[in-house]
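This report concerns only the one structure given below.
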There are 2 protein chains.
Amino acid sequence: MQRMTRQRIAVTSLMESLDDFRSAQQLHDDLKERGDAVGLATVYRTLQSLADSGIVDVLRIEDENVYRMCKRTGHHHHLVCRNCGTTEELAGLEVEDWAKKIAREHGFVEVDHTLELFGLCANCAAE
Amino acid sequence: MQRMTRQRIAVTSLMESLDDFRSAQQLHDDLKERGDAVGLATVYRTLQSLADSGIVDVLRIEDENVYRMCKRTGHHHHLVCRNCGTTEELAGLEVEDWAKKIAREHGFVEVDHTLELFGLCANCAAE
DNA sequence: TTATCTGCAAAGTATTTGCATAATG
DNA sequence: CATTATGCAAATACTTTGCAGATAA
């Protein structure tokens with residue numbers, strides 16, 4: 001159902017070489033610089049499809065979506081440096097348990113949650 | 001620094017009478033219906049100012065900001081019914097502690113976090 | 001009085017979509 | 001070859017902003 005087009009390969013390979021979250025526009029620019037230009041709409045469509053398949057993570061930061069290939073499979077959270085973008089993936093079992101407990105207490109079912117941590121990493125704090 | 005204009009009073013009083021999160025556009029419509037029309041830009045500006053003062057909470061749901069007067073003062077989270085919008089405010093001390101612990105373990109400082117729970121409330125689940 | 005607020009319409013921005021063309025399987 | 005993907009530009013939708021006139025203190 002997914003064709004391996006030059007564009008999809010370009011996006012995927014670029015993202016594999018990166019370690020921080022980037023916006024669709026940034027990725028679009030990166031690709032152009034690499035001499036592997038892909039239309040902006042296609043970048044958006046590809047990212048959406050990769051996100052739907054759980055291949056990339058999406059975070060919303062300051063009015064825009066940013067994307068990154070994910071390391072950890074399944075549900076997880078992030079600890080993102082608000083200065084340099086360095087990101088750690090977290091399991092957060094305690095939080096899952098807490099969310100379940102709270103949901104039960106309030107009579108809610110099918111509870112889902114969003115959780116992200118933002119701060120300054122050791123490097124950036126040292127400056 | 002904040003003048004008590006007719007518009008600011010209208011927005012505040014409307015929000016005090018509501019119990020769920022609403023978008024700026026919805027509030028703008030509500031005001032018109034009430035016969036107390038306020039320009040959309042003013043609604044946005046007022047909500048932003050109220051949010052900055054910590055008087056209203058802002059949540060981002062499906063590409064738009066939604067606002068509600070907050071009950072609990074200080075930092076807290078929400079458990080929102082994705083069907084009817086009913087919202088419970090939560091303290092979540094366990095989560096705060098967890099976030100601090102994780103931050104310390106990774107050498108991050110000045111850590112902040114976002115956390116929201118979404119589910120179906122008892123009423124909506126019963127249907 | 002005068003600094004701040006309002007309303008309108010125009011601008012801005014990230015993202016999506018229509019459609020003709022290109023390329024995959 | 002049939003179907004799906006691409007690229008461009010135009011369309012969306014929410015939100016912000018410039019500015020002249022109105023208003024609270």
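Labels for the structure tokens follow display order: chains A, B, ..., residues from 1 in each chain, ligands from 1.
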- Query: So which residues of region 13-54 of chain B fall under alpha helix (DSSP H) by DSSP, listed as a PyMOL selection string?
  - Reply: chain B and resi 13-16+24-33+40-52
- From the DSSP assignment of the backbone, select every residue of region 39-108 of chain B that is strand (DSSP E), and format the answer as a list in words.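 Listing strand (DSSP E) positions across region 39-108 of chain B yields Val56, Asp57, Val58, Leu59, Arg60, Ile61, Glu64, Asn65, Val66, Tyr67, Arg68, Met69, His77, His78, Leu79, Val80, Cys81, Thr87, Glu88, Glu89 and Leu90 of chain B.
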Please dump the current selection as a PDB file, in the first residue's frame; keep N, CA, C and O atoms.
ATOM      1  N   VAL B  56      -7.591  31.706  33.248  1.00  0.00           N
ATOM      2  CA  VAL B  56      -8.204  30.631  32.462  1.00  0.00           C
ATOM      3  C   VAL B  56      -7.134  29.623  32.046  1.00  0.00           C
ATOM      4  O   VAL B  56      -5.953  29.947  31.939  1.00  0.00           O
ATOM      5  N   ASP B  57      -7.591  28.400  31.826  1.00  0.00           N
ATOM      6  CA  ASP B  57      -6.729  27.335  31.337  1.00  0.00           C
ATOM      7  C   ASP B  57      -6.872  27.224  29.835  1.00  0.00           C
ATOM      8  O   ASP B  57      -7.955  27.448  29.302  1.00  0.00           O
ATOM      9  N   VAL B  58      -5.802  26.856  29.187  1.00  0.00           N
ATOM     10  CA  VAL B  58      -5.835  26.653  27.745  1.00  0.00           C
ATOM     11  C   VAL B  58      -5.442  25.222  27.450  1.00  0.00           C
ATOM     12  O   VAL B  58      -4.486  24.706  28.023  1.00  0.00           O
ATOM     13  N   LEU B  59      -6.185  24.604  26.549  1.00  0.00           N
ATOM     14  CA  LEU B  59      -5.840  23.260  26.114  1.00  0.00           C
ATOM     15  C   LEU B  59      -5.826  23.278  24.606  1.00  0.00           C
ATOM     16  O   LEU B  59      -6.591  24.014  23.987  1.00  0.00           O
ATOM     17  N   ARG B  60      -4.949  22.507  24.014  1.00  0.00           N
ATOM     18  CA  ARG B  60      -4.993  22.446  22.566  1.00  0.00           C
ATOM     19  C   ARG B  60      -5.633  21.135  22.149  1.00  0.00           C
ATOM     20  O   ARG B  60      -5.125  20.062  22.435  1.00  0.00           O
ATOM     21  N   ILE B  61      -6.773  21.231  21.481  1.00  0.00           N
ATOM     22  CA  ILE B  61      -7.469  20.025  21.047  1.00  0.00           C
ATOM     23  C   ILE B  61      -7.770  20.125  19.564  1.00  0.00           C
ATOM     24  O   ILE B  61      -8.438  21.052  19.125  1.00  0.00           O
ATOM     25  N   GLU B  64      -6.962  23.469  17.634  1.00  0.00           N
ATOM     26  CA  GLU B  64      -7.403  24.768  18.094  1.00  0.00           C
ATOM     27  C   GLU B  64      -7.288  24.861  19.608  1.00  0.00           C
ATOM     28  O   GLU B  64      -7.269  23.861  20.311  1.00  0.00           O
ATOM     29  N   ASN B  65      -7.185  26.084  20.089  1.00  0.00           N
ATOM     30  CA  ASN B  65      -7.089  26.304  21.519  1.00  0.00           C
ATOM     31  C   ASN B  65      -8.484  26.385  22.107  1.00  0.00           C
ATOM     32  O   ASN B  65      -9.366  27.008  21.525  1.00  0.00           O
ATOM     33  N   VAL B  66      -8.656  25.767  23.258  1.00  0.00           N
ATOM     34  CA  VAL B  66      -9.923  25.860  23.957  1.00  0.00           C
ATOM     35  C   VAL B  66      -9.633  26.371  25.359  1.00  0.00           C
ATOM     36  O   VAL B  66      -8.576  26.112  25.917  1.00  0.00           O
ATOM     37  N   TYR B  67     -10.599  27.139  25.870  1.00  0.00           N
ATOM     38  CA  TYR B  67     -10.380  27.865  27.120  1.00  0.00           C
ATOM     39  C   TYR B  67     -11.456  27.554  28.145  1.00  0.00           C
ATOM     40  O   TYR B  67     -12.602  27.291  27.801  1.00  0.00           O
ATOM     41  N   ARG B  68     -11.075  27.644  29.392  1.00  0.00           N
ATOM     42  CA  ARG B  68     -12.036  27.475  30.478  1.00  0.00           C
ATOM     43  C   ARG B  68     -11.511  28.169  31.725  1.00  0.00           C
ATOM     44  O   ARG B  68     -10.310  28.180  31.963  1.00  0.00           O
ATOM     45  N   MET B  69     -12.397  28.732  32.486  1.00  0.00           N
ATOM     46  CA  MET B  69     -12.027  29.347  33.750  1.00  0.00           C
ATOM     47  C   MET B  69     -11.472  28.237  34.634  1.00  0.00           C
ATOM     48  O   MET B  69     -12.043  27.146  34.671  1.00  0.00           O
ATOM     49  N   HIS B  77      -3.547  19.526  36.201  1.00  0.00           N
ATOM     50  CA  HIS B  77      -3.796  18.849  34.929  1.00  0.00           C
ATOM     51  C   HIS B  77      -5.291  18.626  34.741  1.00  0.00           C
ATOM     52  O   HIS B  77      -6.075  18.929  35.632  1.00  0.00           O
ATOM     53  N   HIS B  78      -5.660  18.058  33.591  1.00  0.00           N
ATOM     54  CA  HIS B  78      -7.080  17.841  33.320  1.00  0.00           C
ATOM     55  C   HIS B  78      -7.391  16.436  32.863  1.00  0.00           C
ATOM     56  O   HIS B  78      -6.577  15.800  32.193  1.00  0.00           O
ATOM     57  N   LEU B  79      -8.582  16.018  33.224  1.00  0.00           N
ATOM     58  CA  LEU B  79      -9.124  14.757  32.718  1.00  0.00           C
ATOM     59  C   LEU B  79     -10.370  15.177  31.948  1.00  0.00           C
ATOM     60  O   LEU B  79     -11.354  15.614  32.544  1.00  0.00           O
ATOM     61  N   VAL B  80     -10.277  15.109  30.640  1.00  0.00           N
ATOM     62  CA  VAL B  80     -11.335  15.640  29.778  1.00  0.00           C
ATOM     63  C   VAL B  80     -12.102  14.525  29.074  1.00  0.00           C
ATOM     64  O   VAL B  80     -11.487  13.613  28.513  1.00  0.00           O
ATOM     65  N   CYS B  81     -13.412  14.604  29.078  1.00  0.00           N
ATOM     66  CA  CYS B  81     -14.210  13.613  28.347  1.00  0.00           C
ATOM     67  C   CYS B  81     -14.173  14.009  26.875  1.00  0.00           C
ATOM     68  O   CYS B  81     -14.561  15.116  26.518  1.00  0.00           O
ATOM     69  N   THR B  87     -14.905  18.207  32.307  1.00  0.00           N
ATOM     70  CA  THR B  87     -13.506  18.234  32.708  1.00  0.00           C
ATOM     71  C   THR B  87     -13.308  18.213  34.213  1.00  0.00           C
ATOM     72  O   THR B  87     -13.981  18.928  34.943  1.00  0.00           O
ATOM     73  N   GLU B  88     -12.386  17.385  34.651  1.00  0.00           N
ATOM     74  CA  GLU B  88     -12.026  17.346  36.065  1.00  0.00           C
ATOM     75  C   GLU B  88     -10.609  17.906  36.185  1.00  0.00           C
ATOM     76  O   GLU B  88      -9.752  17.597  35.369  1.00  0.00           O
ATOM     77  N   GLU B  89     -10.400  18.712  37.210  1.00  0.00           N
ATOM     78  CA  GLU B  89      -9.045  19.215  37.417  1.00  0.00           C
ATOM     79  C   GLU B  89      -8.324  18.313  38.412  1.00  0.00           C
ATOM     80  O   GLU B  89      -8.903  17.852  39.385  1.00  0.00           O
ATOM     81  N   LEU B  90      -7.079  18.058  38.143  1.00  0.00           N
ATOM     82  CA  LEU B  90      -6.309  17.099  38.933  1.00  0.00           C
ATOM     83  C   LEU B  90      -5.033  17.714  39.493  1.00  0.00           C
ATOM     84  O   LEU B  90      -4.396  18.525  38.832  1.00  0.00           O
TER      85      LEU B  90
END
- Query: Least-squares superposition of chain A on chain B, every Cα paired in order: what RMSD, in Å?
  - Reply: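 Once chain A is overlaid on chain B, the RMSD is 0.1 Å.
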- Compute the set of chain A residues within 12 Å of chain B, using only C-alpha atoms, and express it as a ChimeraX atom specification. /A:59-65,77-83,86-126
- Mind giving me the straight-line distance from CA of Leu47 (chain B) to C1' of DC19 (chain D) in Å, one decimal?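 Here the two named atoms are 21.7 Å from each other.
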- Excluding same-chain residues fewer than 6 positions from DA23 (chain C), what lies within 9 Å of it counting only C-alpha atoms (C1' of nucleotides), as a list in words? Thr5 of chain A; DA5 and DT6 of chain D
Would you save the residues of that selection, restricted to C-alpha atoms (C1' of nucleotides), as a CSV table (one decimal), in the first residue's frame?
chain,number,residue,atom,x,y,z
A,5,THR,CA,9.2,6.4,-4.1
D,5,DA,C1',2.2,9.4,-5.4
D,6,DT,C1',3.9,14.0,-6.6
- Message: With 8 Å as the limit and counting only C-alpha atoms (C1' of nucleotides), what residues in chain A lie close to chain D? Please list them as a PyMOL selection string.
- Response: chain A and resi 3+5+39+41-42
Suppose we keep N, CA and C atoms; can you now write the selection as a PDB file, in the first residue's frame?
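Dumped everything to selection_32.pdb:
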ATOM      1  N   ARG A   3       4.136   2.842  -1.646  1.00  0.00           N
ATOM      2  CA  ARG A   3       5.156   2.675  -2.689  1.00  0.00           C
ATOM      3  C   ARG A   3       6.461   3.309  -2.243  1.00  0.00           C
ATOM      4  N   THR A   5       8.870   5.408  -3.157  1.00  0.00           N
ATOM      5  CA  THR A   5       9.239   6.429  -4.137  1.00  0.00           C
ATOM      6  C   THR A   5      10.540   7.079  -3.709  1.00  0.00           C
ATOM      7  N   GLY A  39       8.772  18.086  -2.709  1.00  0.00           N
ATOM      8  CA  GLY A  39       7.749  19.120  -2.523  1.00  0.00           C
ATOM      9  C   GLY A  39       7.294  19.184  -1.076  1.00  0.00           C
ATOM     10  N   ALA A  41       4.399  19.732   0.191  1.00  0.00           N
ATOM     11  CA  ALA A  41       3.167  18.980   0.432  1.00  0.00           C
ATOM     12  C   ALA A  41       3.493  17.502   0.601  1.00  0.00           C
ATOM     13  N   THR A  42       4.422  17.031  -0.169  1.00  0.00           N
ATOM     14  CA  THR A  42       4.811  15.621  -0.077  1.00  0.00           C
ATOM     15  C   THR A  42       5.508  15.337   1.240  1.00  0.00           C
TER      16      THR A  42
END
- Specify as a PyMOL selection string all residues of chain C found within 12 Å of chain B, counting only C-alpha atoms (C1' of nucleotides). chain C and resi 3-9+14-15
Just to be explicit: take each residue in the selection above, keep N, CA, C and O atoms (P, O5', C5', C4', C3', O3' and C1' of nucleotides), and write the result as a PDB file, in the first residue's frame.
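Written out: again-v8.pdb:
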ATOM      1  P    DA C   3      -0.031  59.356  27.619  1.00  0.00           P
ATOM      2  O5'  DA C   3       0.054  57.833  28.100  1.00  0.00           O
ATOM      3  C5'  DA C   3      -0.419  57.511  29.397  1.00  0.00           C
ATOM      4  C4'  DA C   3      -1.332  56.297  29.338  1.00  0.00           C
ATOM      5  C3'  DA C   3      -0.803  55.143  28.488  1.00  0.00           C
ATOM      6  O3'  DA C   3      -0.987  53.941  29.218  1.00  0.00           O
ATOM      7  C1'  DA C   3      -2.958  55.717  27.730  1.00  0.00           C
ATOM      8  P    DT C   4      -0.464  52.568  28.671  1.00  0.00           P
ATOM      9  O5'  DT C   4      -1.821  51.794  28.370  1.00  0.00           O
ATOM     10  C5'  DT C   4      -2.831  51.752  29.367  1.00  0.00           C
ATOM     11  C4'  DT C   4      -4.132  51.278  28.747  1.00  0.00           C
ATOM     12  C3'  DT C   4      -4.034  49.973  27.952  1.00  0.00           C
ATOM     13  O3'  DT C   4      -5.013  49.104  28.488  1.00  0.00           O
ATOM     14  C1'  DT C   4      -5.217  51.605  26.716  1.00  0.00           C
ATOM     15  P    DC C   5      -5.259  47.694  27.900  1.00  0.00           P
ATOM     16  O5'  DC C   5      -6.556  47.911  27.021  1.00  0.00           O
ATOM     17  C5'  DC C   5      -7.739  48.392  27.652  1.00  0.00           C
ATOM     18  C4'  DC C   5      -8.859  48.423  26.635  1.00  0.00           C
ATOM     19  C3'  DC C   5      -9.019  47.130  25.837  1.00  0.00           C
ATOM     20  O3'  DC C   5     -10.405  46.797  25.820  1.00  0.00           O
ATOM     21  C1'  DC C   5      -8.801  48.979  24.370  1.00  0.00           C
ATOM     22  P    DT C   6     -10.913  45.552  25.038  1.00  0.00           P
ATOM     23  O5'  DT C   6     -11.472  46.218  23.707  1.00  0.00           O
ATOM     24  C5'  DT C   6     -12.549  47.140  23.796  1.00  0.00           C
ATOM     25  C4'  DT C   6     -13.023  47.501  22.409  1.00  0.00           C
ATOM     26  C3'  DT C   6     -13.309  46.286  21.516  1.00  0.00           C
ATOM     27  O3'  DT C   6     -14.601  46.422  20.952  1.00  0.00           O
ATOM     28  C1'  DT C   6     -11.816  47.807  20.440  1.00  0.00           C
ATOM     29  P    DG C   7     -15.332  45.146  20.370  1.00  0.00           P
ATOM     30  O5'  DG C   7     -15.375  45.508  18.810  1.00  0.00           O
ATOM     31  C5'  DG C   7     -15.704  46.811  18.408  1.00  0.00           C
ATOM     32  C4'  DG C   7     -15.394  46.998  16.928  1.00  0.00           C
ATOM     33  C3'  DG C   7     -15.601  45.761  16.067  1.00  0.00           C
ATOM     34  O3'  DG C   7     -16.293  46.157  14.891  1.00  0.00           O
ATOM     35  C1'  DG C   7     -13.369  46.550  15.832  1.00  0.00           C
ATOM     36  P    DC C   8     -17.068  45.107  14.022  1.00  0.00           P
ATOM     37  O5'  DC C   8     -16.285  45.197  12.631  1.00  0.00           O
ATOM     38  C5'  DC C   8     -16.004  46.498  12.069  1.00  0.00           C
ATOM     39  C4'  DC C   8     -14.738  46.434  11.252  1.00  0.00           C
ATOM     40  C3'  DC C   8     -14.643  45.214  10.330  1.00  0.00           C
ATOM     41  O3'  DC C   8     -14.835  45.635   8.983  1.00  0.00           O
ATOM     42  C1'  DC C   8     -12.555  45.742  11.373  1.00  0.00           C
ATOM     43  P    DA C   9     -15.036  44.508   7.837  1.00  0.00           P
ATOM     44  O5'  DA C   9     -13.767  44.833   6.948  1.00  0.00           O
ATOM     45  C5'  DA C   9     -13.011  46.041   7.178  1.00  0.00           C
ATOM     46  C4'  DA C   9     -11.561  45.757   6.846  1.00  0.00           C
ATOM     47  C3'  DA C   9     -11.379  44.664   5.797  1.00  0.00           C
ATOM     48  O3'  DA C   9     -10.266  44.997   4.987  1.00  0.00           O
ATOM     49  C1'  DA C   9     -10.256  44.032   7.741  1.00  0.00           C
ATOM     50  P    DA C  14       5.018  29.005  10.022  1.00  0.00           P
ATOM     51  O5'  DA C  14       4.185  27.668  10.171  1.00  0.00           O
ATOM     52  C5'  DA C  14       3.633  27.362  11.448  1.00  0.00           C
ATOM     53  C4'  DA C  14       2.519  26.380  11.254  1.00  0.00           C
ATOM     54  C3'  DA C  14       2.952  25.075  10.588  1.00  0.00           C
ATOM     55  O3'  DA C  14       2.371  23.994  11.295  1.00  0.00           O
ATOM     56  C1'  DA C  14       1.200  26.061   9.342  1.00  0.00           C
ATOM     57  P    DT C  15       2.719  22.516  10.811  1.00  0.00           P
ATOM     58  O5'  DT C  15       1.514  22.184   9.816  1.00  0.00           O
ATOM     59  C5'  DT C  15       0.187  22.266  10.331  1.00  0.00           C
ATOM     60  C4'  DT C  15      -0.819  22.060   9.227  1.00  0.00           C
ATOM     61  C3'  DT C  15      -0.642  20.770   8.413  1.00  0.00           C
ATOM     62  O3'  DT C  15      -1.798  19.978   8.627  1.00  0.00           O
ATOM     63  C1'  DT C  15      -1.144  22.632   7.027  1.00  0.00           C
TER      64       DT C  15
END
- Quick one: pull the distance between CA of Ile55 (chain B) and CA of Ala37 (chain B), Å, one decimal.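 Atom-to-atom, CA of Ile55 (chain B) and CA of Ala37 (chain B) are spaced 21.6 Å apart.
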- Item | Atom-to-atom span, CA of Arg6 (chain B) and CA of Thr46 (chain B), Å |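 The value is 11.6 Å.
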- Message: Show me, as a ChimeraX atom specification, the residues that have an atom within 12 Å of Leu31 (chain A) when counting only C-alpha atoms (C1' of nucleotides), minus same-chain residues fewer than 2 positions from it.
- Response: /A:6-15,17,24-29,33-40,42-43
